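Data block below; observations after.
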Amino acid sequence: MANFSKSNVPQFSVDVYQNEFLPEGGREVNGIVTVTSTGGGTTGGIPLPGAAAAPGYGPGQAPSAAVVLMVDCSGSMDYPPTKMRNARDATAAAIDTLRKGTRFSVVAGTHVAKDVYPGNGQLAVADARTKAQAKEALRKLSAGGGTAIGTWLRLTDRLLGAADVDIRHGILLTDGRNEHEAPEDLRAALDSCAGRFTCDARGVGTDWEVKEVTSIASALLGTADIVADPAGLAADFTQMMENAMGKEVADVALRLWTPVGVEIRFVKQVAPTVEDLTGRRTEAPPRAGDYPTGSWGDESRDYHVCVLVPEAGIGQEMLAARVSLILPDPSGAGAPQVLSQGLVRAVWTDDMVASTSINPQVAHYTGQAELAQVIQQGLDARKSGDFDGATAKLGRAVQLASASGNQDTAKLLSKVVDVVDAATGTVRLKAKVAEADEMTLETRSTKTVRVKK
């Protein structure tokens with residue numbers, strides 16, 4: 001493990017957990033890469049002990065963050081009327097949480113996007129006066145019109161892109177389906193915005209599409225969640241904004257260098273959520289590629305790297321991959337800064353005990369990735385009427401959640417199935433399931449727990 005830091009950048013460390021021993025003819029090498037950042041604020045990852053959100057910028061410290069809050073103002077937000085009121089209150093609470101000096105804007109989203117504060121196509125600078133003005137603008141918001149989320153994201157991108165800041169962040173609230181633009185329009189907007197800002201997405205109530213909201217958060221490297229009861233919005237928005245205010249460094253990439261002959265099977269984030277990064281690689285010659293990780297504060301995340309190495313004889317060893325954390329040069333002209341790095345190794349042995357032992361971290365996260373997958377498959381099967389398939393998949397999910405100690409997911413599963421025996425995955429589908437419970441399980445299916453100590 002190596003460490004590198006600058007005075008204004010959190011310190012990053014990389015630890016690699018693996019069983020480097022392969023049997024004769026063995027080719028697959030797995031490693032869990034734990035990346036830890038210290039010296040920033042609090043973020044939405046796995047917080048470090050004692051971490052707290054920074055209340056403001058330090059003496060002489062320039063504002064480094066910009067946030068746009070996208071509030072669904074479509075007609076459905078008026079049913080019931082308390083939903084719109086709770087959305088206004090939640091956005092006001094988030095505005096109160098902004099650090100002084102943060103650039104910010106409020107966007108009202110319907111079938112079009114409107115910059116409602118400050119309303120001049122630019123961002124306001126957070127202080128007591130602008131916060132009060134923004135909350136006054138919120139009080140004038142009313143529900144009416146359709147839903148075209150792609151337009152909200154494109155306006156947010158324009159507003160954030162004009163700000164000279166390090167951290168660009170969006171918070172998006174919707175209560176309905178994206179019915180007033182084609183799916184390909186939303187996908188094009190996400191492709192356009194990817195890598196330009198991160199975005200946390202929230203669905204309020206139960207009339208929105210889970211895969212739509214989670215795809216937004218996934219594409220923009222943010223979090224997704226359900227707020228089934230609109231009364232819970234203010235607390236959720238406050239927490240989201242505290243997390244956003246804790247971000248200290250953006251655009252960190254995980255760079256994977258591999259020797260000649262090594263094939264990359266996949267690169268996944270596996271904690272705090274499962275996110276497959278394999279298809280997001282951008283080439284960084286020679287023989288390396290960068291995978292985006294988004295913004296960081298004080299937190300720790302785990303990544304699963306799997307590569308195929310050429311066959312080798314007993315006693316031989318090789319460097320299978322080098323993993324580095326990279327911070328691009330803001331000017332784009334210089335070399336990127338290497339924040340930290342770690343090595344993934346392969347050693348061929350005739351010791352069967354050594355070569356067949358599965359590293360605990362690798363085994364754990366392989367199970368967590370399967371857990372997320374079988375929950376999705378089980379819920380899809382249930383919706384399609386394949387109750388036998390749903391029972392089998394959700395039973396396997398119960399078994400995996402129990403074995404790994406993922407108690408939060410186990411509790412969510414128990415609202416969809418009756419658990420007969422968790423250890424064997426024996427379950428019965430519940431005859432009636434509250435829509436909010438099913439949507440909560442689907443939305444949070446990718447959340448993982450770390451290896452038991």
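A note on labels: chains of the structure tokens are A, B, ... as shown, every chain counts residues from 1, and ligands are counted from 1 in their shown order.
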Using only C-alpha atoms, what table do you get, as a Markdown table, when you list each residue of segment 243-312 of chain A with an atom no more than 12 Å from segment 201-216 of chain A, its nearest pair of atoms, and their distance in Å rounded to one decimal, rows by chain then rising number?
```
| residue | atom | partner | partner_atom | distance |
| --- | --- | --- | --- | --- |
| A:Thr273 | CA | A:Thr214 | CA | 11.8 |
| A:Val274 | CA | A:Thr214 | CA | 11.9 |
| A:Glu275 | CA | A:Ser215 | CA | 10.8 |
```
inquiry  = Show me, as a PyMOL selection string, the residues that have an atom within 8 Å of Tyr303 of chain A when counting only C-alpha atoms, minus same-chain residues fewer than 2 positions from it.
reply    = chain A and resi 32-35+267-271+301+305
ask   = What gap, in Å, lies between atom CA of Val419 of chain A and atom CA of Asp225 of chain A?
value =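 Calculated distance between atom CA of Val419 of chain A and atom CA of Asp225 of chain A is 24.8 Å.
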ask   = Which of these, A:Glu438, A:Met77, A:Arg255, A:Ala148, has the shortest distance to Lys114 of chain A once you count only C-alpha atoms?
value =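 Result for the nearest residue to Lys114 of chain A: A:Ala148.
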request  = Mind checking which residues fall within 7 Å of Asp418 of chain A, counting only C-alpha atoms, ignoring those fewer than 5 positions away in the same chain, and posting them as a list in words?
outcome  = Val427, Arg428, Leu429 and Lys430 of chain A
task = Apply DSSP to the structure's backbone, then extract all residues of segment 34-163 of chain A labelled helix (DSSP H, G or I) and return them as an MDAnalysis selection string.
result = chainID A and resid 75:78 81:97 128:139 149:161
Output of the above residues as a compact mmCIF listing (two decimals), in the first residue's frame, restricted to C-alpha atoms:
```txt
# COMPACT_ATOMS: atom_id res chain seq x y z
CA GLY A 75 -49.58 17.78 -11.09
CA SER A 76 -49.36 14.54 -9.12
CA MET A 77 -47.48 16.35 -6.35
CA ASP A 78 -50.89 17.82 -5.36
CA PRO A 81 -51.78 18.36 -1.12
CA THR A 82 -49.50 17.63 1.86
CA LYS A 83 -46.97 16.08 -0.57
CA MET A 84 -46.11 19.42 -2.17
CA ARG A 85 -45.97 21.12 1.21
CA ASN A 86 -43.62 18.45 2.53
CA ALA A 87 -41.43 18.80 -0.57
CA ARG A 88 -41.18 22.57 -0.04
CA ASP A 89 -40.36 22.09 3.65
CA ALA A 90 -37.75 19.43 2.86
CA THR A 91 -36.05 21.63 0.27
CA ALA A 92 -36.05 24.52 2.76
CA ALA A 93 -34.42 22.26 5.36
CA ALA A 94 -31.76 21.28 2.83
CA ILE A 95 -31.11 24.94 2.02
CA ASP A 96 -30.66 25.64 5.76
CA THR A 97 -27.94 22.94 5.76
CA ALA A 128 -28.41 34.22 5.42
CA ARG A 129 -29.94 36.58 2.84
CA THR A 130 -29.90 34.20 -0.15
CA LYS A 131 -31.16 31.29 1.93
CA ALA A 132 -34.13 33.40 3.07
CA GLN A 133 -34.81 34.46 -0.53
CA ALA A 134 -34.65 30.86 -1.75
CA LYS A 135 -37.12 29.71 0.90
CA GLU A 136 -39.46 32.56 -0.08
CA ALA A 137 -39.28 31.35 -3.70
CA LEU A 138 -40.09 27.83 -2.51
CA ARG A 139 -43.30 29.02 -0.85
CA ILE A 149 -36.70 14.46 -15.78
CA GLY A 150 -34.17 14.72 -18.59
CA THR A 151 -34.95 18.43 -18.92
CA TRP A 152 -34.34 18.91 -15.17
CA LEU A 153 -30.95 17.22 -15.42
CA ARG A 154 -29.88 19.23 -18.47
CA LEU A 155 -30.75 22.54 -16.78
CA THR A 156 -28.90 21.41 -13.65
CA ASP A 157 -25.88 20.55 -15.78
CA ARG A 158 -25.90 24.03 -17.37
CA LEU A 159 -26.16 25.74 -13.98
CA LEU A 160 -23.45 23.64 -12.34
CA GLY A 161 -21.18 23.76 -15.39
```
task = Just give me the gap between atom CA of Val260 of chain A and atom CA of Asn30 of chain A in Å, one decimal is fine.
result =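 Between these atoms lies a distance of 17.7 Å.
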task = Please provide the set of residues having any atom within 8 Å of Ala163 of chain A, restricted to only C-alpha atoms, with same-chain residues fewer than 4 positions apart removed, written as JSON, numbers by chain.
result = {"A": [66, 103, 123, 159]}
With N, CA and C atoms retained, could you export that selection as a CSV table (one decimal), in the first residue's frame?
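What landed in out11.csv:
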```
chain,number,residue,atom,x,y,z
A,66,ALA,N,-21.0,23.3,-5.4
A,66,ALA,CA,-22.2,23.9,-5.9
A,66,ALA,C,-23.3,22.8,-5.9
A,103,ARG,N,-22.3,27.5,-3.7
A,103,ARG,CA,-23.2,28.0,-4.8
A,103,ARG,C,-24.4,27.1,-4.9
A,123,LEU,N,-26.0,30.7,-10.3
A,123,LEU,CA,-26.1,30.1,-9.0
A,123,LEU,C,-26.0,31.3,-8.0
A,159,LEU,N,-26.4,24.9,-15.1
A,159,LEU,CA,-26.2,25.7,-14.0
A,159,LEU,C,-24.9,25.4,-13.3
```
task = Assign secondary structure with DSSP using the backbone only, and return the residues of segment 121-236 of chain A in strand (DSSP E) as an MDAnalysis selection string.
result = chainID A and resid 124:125 167:174 198:204 224:227
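Between atom CA of Leu221 of chain A and atom CA of Pro360 of chain A the separation is 27.1 Å.
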message = Using only C-alpha atoms, which protein or nucleic acid residues come within 9 Å of Leu254 of chain A? Drop anything in the same chain fewer than 2 positions from it, and give the result as a list of chain:residue names.
response =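 The filter keeps A:Val252, A:Leu256, A:Gly289, A:Asp290, A:Tyr291, A:Pro292, A:Thr293, A:Val323, A:Ser324, A:Leu325, A:Ile326.
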Can I get the residues of segment 246-314 of chain A within 8 Å of segment 343-350 of chain A, each with the closest pair of atoms and their distance in Å to one decimal, using only C-alpha atoms, sorted chain first then ascending number, as JSON lines?
```
{"residue": "A:Ala312", "atom": "CA", "partner": "A:Trp348", "partner_atom": "CA", "distance": 7.0}
{"residue": "A:Gly313", "atom": "CA", "partner": "A:Trp348", "partner_atom": "CA", "distance": 6.5}
{"residue": "A:Ile314", "atom": "CA", "partner": "A:Trp348", "partner_atom": "CA", "distance": 4.9}
```
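Distance check against Thr366 of chain A using only C-alpha atoms: of A:Gly31, A:Pro10, A:Gly39, A:Gly26, the minimum falls on A:Gly31.
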key: Spatial neighbours of Ser355 of chain A, max dist 7 Å, only C-alpha atoms, sep filter under 6 positions, as a list in words   =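 Residues near the query, excluding close chain neighbours: Phe21, Leu22, Pro23 and Thr349 of chain A.
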Write a file of the just-selected residues containing N, CA and C atoms, as a CSV table (one decimal), in the first residue's frame.
```csv
chain,number,residue,atom,x,y,z
A,21,PHE,N,-2.8,-17.1,-4.1
A,21,PHE,CA,-2.3,-18.5,-4.5
A,21,PHE,C,-3.3,-19.1,-5.5
A,22,LEU,N,-2.7,-19.6,-6.6
A,22,LEU,CA,-3.5,-20.3,-7.7
A,22,LEU,C,-3.0,-21.7,-7.9
A,23,PRO,N,-3.8,-22.7,-8.2
A,23,PRO,CA,-3.3,-24.0,-8.5
A,23,PRO,C,-2.7,-24.0,-9.9
A,349,THR,N,1.0,-22.4,-7.0
A,349,THR,CA,1.5,-23.3,-5.9
A,349,THR,C,0.8,-24.7,-6.1
```
Restrict the calculation to only C-alpha atoms, then for each residue of segment 274-374 of chain A with any atom at most 10 Å from an atom of segment 235-245 of chain A give the closest atom pair and their distance in Å to one decimal, rows by chain and rising residue number, as JSON lines.
```
{"residue": "A:Ser295", "atom": "CA", "partner": "A:Ala244", "partner_atom": "CA", "distance": 8.9}
{"residue": "A:Trp296", "atom": "CA", "partner": "A:Ala244", "partner_atom": "CA", "distance": 9.3}
{"residue": "A:Gly297", "atom": "CA", "partner": "A:Asn243", "partner_atom": "CA", "distance": 8.4}
{"residue": "A:Asp298", "atom": "CA", "partner": "A:Asn243", "partner_atom": "CA", "distance": 9.9}
```
Hey, can you spit out that residue selection with N, CA, C and O atoms as a tab-separated table (two decimals), in the first residue's frame?
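Okay, part-v8.tsv is ready:
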```tsv
chain	number	residue	atom	x	y	z
A	295	SER	N	-17.39	11.67	-5.98
A	295	SER	CA	-16.86	12.58	-4.96
A	295	SER	C	-16.63	11.85	-3.64
A	295	SER	O	-17.32	10.89	-3.31
A	296	TRP	N	-15.66	12.37	-2.88
A	296	TRP	CA	-15.27	11.74	-1.62
A	296	TRP	C	-15.18	12.75	-0.49
A	296	TRP	O	-14.81	13.91	-0.69
A	297	GLY	N	-15.48	12.29	0.72
A	297	GLY	CA	-15.20	13.00	1.96
A	297	GLY	C	-14.54	12.00	2.90
A	297	GLY	O	-13.70	11.21	2.47
A	298	ASP	N	-14.91	11.99	4.17
A	298	ASP	CA	-14.40	10.99	5.12
A	298	ASP	C	-15.23	9.72	4.98
A	298	ASP	O	-16.37	9.66	5.43
```
ask   = Which of these, A:Arg187, A:Ile264, A:Asp166, A:Val353, has the shortest distance to Leu327 of chain A once you count only C-alpha atoms?
value = A:Asp166
message = Nearest residue to Val362 of chain A out of A:Val451, A:Leu339, A:Ala126, A:Val249, using only C-alpha atoms?
response =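 Ranked by minimum distance to Val362 of chain A, first place goes to A:Val451.
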